[in-house]
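Novice: Below is the file structure_9.cif, with mmCIF, C-alpha atoms.
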```
data_data
loop_
_atom_site.label_atom_id
_atom_site.label_comp_id
_atom_site.auth_asym_id
_atom_site.auth_seq_id
_atom_site.Cartn_x
_atom_site.Cartn_y
_atom_site.Cartn_z
CA MET A 1 -11.44 -10.25 -11.63
CA SER A 2 -14.56 -12.05 -10.50
CA ARG A 3 -14.54 -11.04 -6.83
CA ALA A 4 -14.48 -7.56 -5.28
CA LEU A 5 -11.22 -5.65 -5.43
CA HIS A 6 -10.79 -3.20 -2.58
CA GLY A 7 -8.12 -0.54 -2.32
CA LEU A 8 -6.10 -0.04 0.86
CA VAL A 9 -3.95 3.03 1.47
CA LEU A 10 -1.34 2.17 4.09
CA ALA A 11 -1.30 5.33 6.21
CA GLY A 12 -0.55 3.95 9.68
CA GLY A 13 3.22 4.39 9.72
CA GLN A 14 5.15 6.37 12.30
CA SER A 15 6.94 8.60 9.71
CA SER A 16 9.86 8.74 12.15
CA ARG A 17 12.56 9.39 9.53
CA MET A 18 10.46 12.05 7.81
CA GLY A 19 9.76 13.96 11.01
CA GLN A 20 6.18 14.65 9.90
CA ASP A 21 3.18 12.56 8.87
CA LYS A 22 3.82 11.39 5.29
CA ALA A 23 0.10 10.88 4.64
CA LEU A 24 -0.48 14.61 5.22
CA LEU A 25 2.26 15.91 2.91
CA VAL A 26 0.68 18.30 0.42
CA ARG A 27 0.89 17.96 -3.36
CA GLU A 28 -1.01 20.26 -5.73
CA GLY A 29 -3.35 21.36 -2.94
CA GLN A 30 -4.26 17.90 -1.65
CA SER A 31 -2.73 15.51 0.84
CA GLN A 32 -0.68 12.57 -0.34
CA LEU A 33 -3.33 10.36 1.30
CA SER A 34 -6.11 11.97 -0.76
CA TYR A 35 -4.04 11.67 -3.94
CA ILE A 36 -3.49 7.90 -3.49
CA ALA A 37 -7.12 7.32 -2.44
CA ALA A 38 -8.37 9.11 -5.57
CA LEU A 39 -6.16 6.95 -7.79
CA LEU A 40 -7.46 3.80 -6.08
CA GLU A 41 -11.06 4.92 -6.52
CA GLY A 42 -10.50 4.72 -10.27
CA VAL A 43 -9.47 1.04 -10.26
CA THR A 44 -11.13 -0.60 -7.22
CA ASP A 45 -14.65 -1.19 -5.91
CA ARG A 46 -14.10 0.48 -2.51
CA VAL A 47 -11.23 2.36 -0.91
CA PHE A 48 -10.12 2.11 2.72
CA VAL A 49 -7.37 3.78 4.71
CA SER A 50 -5.29 1.69 7.08
CA THR A 51 -4.70 3.48 10.39
CA ARG A 52 -3.29 2.85 13.83
CA PRO A 53 -5.81 3.01 16.72
CA ASP A 54 -4.38 6.37 17.87
CA GLN A 55 -4.97 7.92 14.42
CA GLN A 56 -8.73 7.34 14.34
CA GLY A 57 -9.61 10.94 15.15
CA ASP A 58 -7.29 12.42 12.52
CA PRO A 59 -9.40 14.76 10.35
CA GLU A 60 -7.76 13.78 7.04
CA ARG A 61 -7.97 10.03 7.65
CA SER A 62 -11.56 10.43 8.87
CA ARG A 63 -12.62 11.58 5.40
CA PHE A 64 -12.28 7.96 4.26
CA GLU A 65 -13.47 4.54 5.40
CA ASN A 66 -10.87 3.33 7.92
CA ILE A 67 -9.60 -0.12 8.76
CA VAL A 68 -7.91 0.12 12.15
CA ASP A 69 -4.87 -2.06 12.80
CA ARG A 70 -5.69 -5.11 14.90
CA TYR A 71 -2.04 -6.09 15.29
CA ASP A 72 0.93 -4.37 16.96
CA GLY A 73 4.61 -4.32 16.16
CA ILE A 74 4.55 -5.88 12.69
CA GLY A 75 4.70 -2.77 10.50
CA PRO A 76 2.67 -2.53 7.29
CA VAL A 77 1.64 -6.18 7.57
CA ALA A 78 -0.65 -5.10 10.44
CA GLY A 79 -2.70 -3.06 7.99
CA ILE A 80 -2.75 -5.79 5.36
CA LEU A 81 -3.84 -8.51 7.79
CA SER A 82 -6.46 -6.23 9.35
CA ALA A 83 -7.94 -5.61 5.88
CA LEU A 84 -7.95 -9.35 5.12
CA ASP A 85 -9.72 -9.89 8.48
CA GLU A 86 -12.34 -7.23 7.75
CA TYR A 87 -13.23 -8.37 4.22
CA PRO A 88 -11.91 -11.94 3.83
CA ASP A 89 -13.67 -12.54 0.50
CA ALA A 90 -12.14 -9.52 -1.25
CA ASP A 91 -8.85 -9.09 -3.06
CA TRP A 92 -6.81 -6.08 -1.98
CA LEU A 93 -4.81 -3.57 -3.98
CA VAL A 94 -2.46 -2.29 -1.28
CA VAL A 95 -0.58 0.99 -1.79
CA ALA A 96 1.70 2.82 0.63
CA CYS A 97 0.91 6.51 1.11
CA ASP A 98 4.55 7.56 0.56
CA LEU A 99 4.72 7.05 -3.21
CA PRO A 100 4.63 10.57 -4.69
CA ASN A 101 5.25 9.43 -8.29
CA ILE A 102 2.62 6.72 -8.46
CA ASP A 103 0.17 7.21 -11.30
CA GLU A 104 -3.03 5.86 -12.76
CA GLN A 105 -1.22 3.84 -15.44
CA THR A 106 0.81 1.96 -12.81
CA LEU A 107 -2.31 0.90 -10.90
CA GLU A 108 -4.34 0.06 -14.02
CA PHE A 109 -1.54 -2.14 -15.40
CA LEU A 110 -1.27 -3.97 -12.07
CA VAL A 111 -5.02 -4.67 -11.97
CA GLU A 112 -5.14 -5.72 -15.64
CA HIS A 113 -2.29 -8.20 -15.17
CA CYS A 114 -3.28 -9.59 -11.77
CA SER A 115 -2.82 -13.32 -11.45
CA GLU A 116 -5.95 -15.39 -10.97
CA GLN A 117 -3.90 -18.24 -9.45
CA GLN A 118 -1.01 -16.72 -7.49
CA PRO A 119 -1.69 -15.10 -4.10
CA PHE A 120 0.36 -11.98 -4.89
CA THR A 121 0.86 -9.78 -7.94
CA ALA A 122 3.53 -7.09 -7.64
CA TYR A 123 6.03 -5.06 -9.59
CA SER A 124 9.74 -5.80 -9.74
CA SER A 125 11.69 -2.89 -8.30
CA SER A 126 13.32 -0.82 -11.03
CA HIS A 127 16.31 -0.51 -8.62
CA ASP A 128 17.03 -4.09 -7.55
CA GLY A 129 14.52 -6.36 -9.31
CA LEU A 130 12.96 -7.50 -6.03
CA PRO A 131 9.18 -7.42 -5.43
CA GLU A 132 7.58 -4.10 -4.49
CA PRO A 133 5.14 -5.27 -1.78
CA LEU A 134 3.56 -1.89 -1.01
CA CYS A 135 1.99 -1.46 -4.42
CA ALA A 136 0.69 -4.96 -4.92
CA ILE A 137 -2.43 -7.08 -5.08
CA TYR A 138 -3.02 -9.45 -2.18
CA ARG A 139 -5.68 -11.93 -3.24
CA ALA A 140 -8.03 -13.29 -0.57
CA GLU A 141 -6.02 -16.53 -0.67
CA SER A 142 -2.91 -14.66 0.49
CA ASP A 143 -4.32 -14.46 4.02
CA SER A 144 -3.06 -17.88 5.10
CA VAL A 145 0.30 -17.27 3.41
CA VAL A 146 0.86 -13.96 5.21
CA ARG A 147 -0.19 -15.43 8.55
CA ARG A 148 2.25 -18.32 8.20
CA PHE A 149 5.12 -15.89 7.67
CA VAL A 150 4.08 -13.81 10.71
CA GLU A 151 3.86 -16.96 12.83
CA ASP A 152 7.42 -17.78 11.70
CA GLY A 153 8.59 -14.32 12.78
CA ILE A 154 8.84 -12.88 9.25
CA VAL A 155 6.99 -9.55 9.08
CA CYS A 156 8.80 -7.96 6.13
CA PRO A 157 6.30 -7.86 3.23
CA ARG A 158 9.12 -7.94 0.66
CA LYS A 159 10.52 -11.17 2.16
CA MET A 160 7.02 -12.64 2.07
CA LEU A 161 6.67 -11.96 -1.65
CA ILE A 162 10.24 -13.09 -2.43
CA ASN A 163 9.55 -16.43 -0.74
CA SER A 164 6.08 -16.97 -2.22
CA ASP A 165 4.48 -17.71 -5.55
CA THR A 166 4.31 -14.09 -6.71
CA ARG A 167 3.55 -12.83 -10.21
CA LEU A 168 6.11 -10.11 -10.94
CA LEU A 169 5.51 -7.38 -13.50
CA GLU A 170 7.79 -4.76 -15.04
CA GLN A 171 6.86 -1.21 -14.06
CA PRO A 172 5.42 0.81 -16.95
CA ASN A 173 6.84 3.93 -15.26
CA PRO A 174 10.24 3.08 -13.67
CA VAL A 175 10.06 5.89 -11.04
CA SER A 176 6.42 5.36 -10.06
CA LEU A 177 7.26 3.38 -6.91
CA ASP A 178 10.11 5.53 -5.57
CA ASN A 179 9.10 6.43 -2.02
CA VAL A 180 9.94 9.27 0.35
CA ASN A 181 11.35 8.48 3.79
CA THR A 182 13.48 11.48 4.73
CA PRO A 183 13.34 15.25 4.23
CA ASP A 184 16.03 14.86 1.52
CA ASP A 185 13.84 12.38 -0.36
CA LEU A 186 10.97 14.81 -0.03
CA GLU A 187 12.96 17.69 -1.47
CA ALA A 188 13.83 15.55 -4.51
CA SER A 189 10.22 14.50 -5.09
CA VAL A 190 7.17 16.25 -6.49
CA LEU A 191 5.80 16.94 -3.03
CA GLU A 192 5.95 20.07 -1.00
CA ALA A 193 5.97 19.99 2.77
CA ALA A 194 2.70 20.92 4.41
CA SER A 195 2.97 24.40 5.87
#
```
Could you write out this file's structure as structure tokens?

Specialist:
Amino acid sequence: MSRALHGLVLAGGQSSRMGQDKALLVREGQSQLSYIAALLEGVTDRVFVSTRPDQQGDPERSRFENIVDRYDGIGPVAGILSALDEYPDADWLVVACDLPNIDEQTLEFLVEHCSEQQPFTAYSSSHDGLPEPLCAIYRAESDSVVRRFVEDGIVCPRKMLINSDTRLLEQPNPVSLDNVNTPDDLEASVLEAAS
């Protein structure tokens, strides 16, 4: 890719179903946030962590460059739009912090096969074939597309990618994008709860 590719770890969620902060779940001695950030460092020019305003003082998030949400009540799209605001000339590899099985191969394949024309490049879900918007590349040109959806009251990133010109790829590792939302999901994953 000719322009800068920045990495964005979405770590501003409420984690309400989990009952604890998913970004701080511990795996092999490091937080899930640190694990995702390290993977992104291998494939992007700079890595940022998306946070809510009330998370700015969090010690783990403070270890990284933060982009603080500038929008309220629109879920993960708040982080994506805030990143596009902050660095409008960069493309963004956006990854949710609740993907315990994500690996280097998954990110490398996504970057290698990123569309130079389409605003979004994402994987098809191995479960339902729909786009996986929280491990995807949002090119700088996607800014106007995302904003139009938000203005129309659509804040679901998956619906945005379904209804846009999105390059869809098959996942090299079919379980890499399985996320954790509840304690049961956590127990079934590779993570261990932070003690």

Novice: Expand the PyMOL selection byres ((chain A and resi 120) around 7) into the individual residues it matches in the shown file, reporting them as a VMD selection string.

Specialist: chain A and resid 118 to 119 121 to 122 137 to 139 142 166 to 167

Novice: How about saving the chosen residues, C-alpha atoms kept, as a CSV table (one decimal), in the coordinates of the input?

Specialist:
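Final file, again.csv:
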```
chain,number,residue,atom,x,y,z
A,118,GLN,CA,-1.0,-16.7,-7.5
A,119,PRO,CA,-1.7,-15.1,-4.1
A,121,THR,CA,0.9,-9.8,-7.9
A,122,ALA,CA,3.5,-7.1,-7.6
A,137,ILE,CA,-2.4,-7.1,-5.1
A,138,TYR,CA,-3.0,-9.4,-2.2
A,139,ARG,CA,-5.7,-11.9,-3.2
A,142,SER,CA,-2.9,-14.7,0.5
A,166,THR,CA,4.3,-14.1,-6.7
A,167,ARG,CA,3.6,-12.8,-10.2
```

Novice: Give me the result of the PyMOL selection byres ((chain A and resi 7) around 9) on this file, residue by residue, as a list in words.

Specialist: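 For this structure, the PyMOL selection byres ((chain A and resi 7) around 9) captures Leu5, His6, Leu8, Val9, Ala37, Leu40, Glu41, Val43, Thr44, Asp45, Arg46, Val47, Phe48, Val49, Asp91, Trp92, Leu93, Val94 and Val95 of chain A.
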
Novice: Give as a PyMOL selection string the residues that the PyMOL selection byres ((chain A and resi 148-152) around 12) matches when applied to the coordinates above.

Specialist: chain A and resi 71-78+80-81+142-147+153-164

Novice: Could the residues in this selection be saved with C-alpha atoms as a CSV table (one decimal), in the frame of the given file?

Specialist:
```
chain,number,residue,atom,x,y,z
A,71,TYR,CA,-2.0,-6.1,15.3
A,72,ASP,CA,0.9,-4.4,17.0
A,73,GLY,CA,4.6,-4.3,16.2
A,74,ILE,CA,4.6,-5.9,12.7
A,75,GLY,CA,4.7,-2.8,10.5
A,76,PRO,CA,2.7,-2.5,7.3
A,77,VAL,CA,1.6,-6.2,7.6
A,78,ALA,CA,-0.6,-5.1,10.4
A,80,ILE,CA,-2.8,-5.8,5.4
A,81,LEU,CA,-3.8,-8.5,7.8
A,142,SER,CA,-2.9,-14.7,0.5
A,143,ASP,CA,-4.3,-14.5,4.0
A,144,SER,CA,-3.1,-17.9,5.1
A,145,VAL,CA,0.3,-17.3,3.4
A,146,VAL,CA,0.9,-14.0,5.2
A,147,ARG,CA,-0.2,-15.4,8.6
A,153,GLY,CA,8.6,-14.3,12.8
A,154,ILE,CA,8.8,-12.9,9.2
A,155,VAL,CA,7.0,-9.6,9.1
A,156,CYS,CA,8.8,-8.0,6.1
A,157,PRO,CA,6.3,-7.9,3.2
A,158,ARG,CA,9.1,-7.9,0.7
A,159,LYS,CA,10.5,-11.2,2.2
A,160,MET,CA,7.0,-12.6,2.1
A,161,LEU,CA,6.7,-12.0,-1.6
A,162,ILE,CA,10.2,-13.1,-2.4
A,163,ASN,CA,9.6,-16.4,-0.7
A,164,SER,CA,6.1,-17.0,-2.2
```

Novice: Between atom CA of Arg63 of chain A and atom CA of Ala90 of chain A, what is the spacing in Å?

Specialist: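 Computed distance, atom CA of Ala90 of chain A to atom CA of Arg63 of chain A, equals 22.1 Å.
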
Novice: Quick one: residues within 9 Å of Ile102 of chain A, all atoms listed in the file counted, chain neighbours fewer than 4 positions away excluded, as an MDAnalysis selection string?

Specialist: chainID A and resid 36 39 106:107 173 175:178

Novice: Please, could you write that set of residues out with C-alpha atoms as an mmCIF file, in the coordinates of the input?

Specialist:
```cif
data_model
loop_
_atom_site.group_PDB
_atom_site.id
_atom_site.type_symbol
_atom_site.label_atom_id
_atom_site.label_comp_id
_atom_site.auth_asym_id
_atom_site.auth_seq_id
_atom_site.Cartn_x
_atom_site.Cartn_y
_atom_site.Cartn_z
ATOM 1 C CA ILE A 36 -3.490 7.900 -3.490
ATOM 2 C CA LEU A 39 -6.160 6.950 -7.790
ATOM 3 C CA THR A 106 0.810 1.960 -12.810
ATOM 4 C CA LEU A 107 -2.310 0.900 -10.900
ATOM 5 C CA ASN A 173 6.840 3.930 -15.260
ATOM 6 C CA VAL A 175 10.060 5.890 -11.040
ATOM 7 C CA SER A 176 6.420 5.360 -10.060
ATOM 8 C CA LEU A 177 7.260 3.380 -6.910
ATOM 9 C CA ASP A 178 10.110 5.530 -5.570
#
```

Novice: So how many Å separate atom CA of Val111 of chain A and atom CA of Gln55 of chain A, to one decimal?

Specialist: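 So the two atoms, atom CA of Val111 of chain A and atom CA of Gln55 of chain A, lie 29.2 Å apart.
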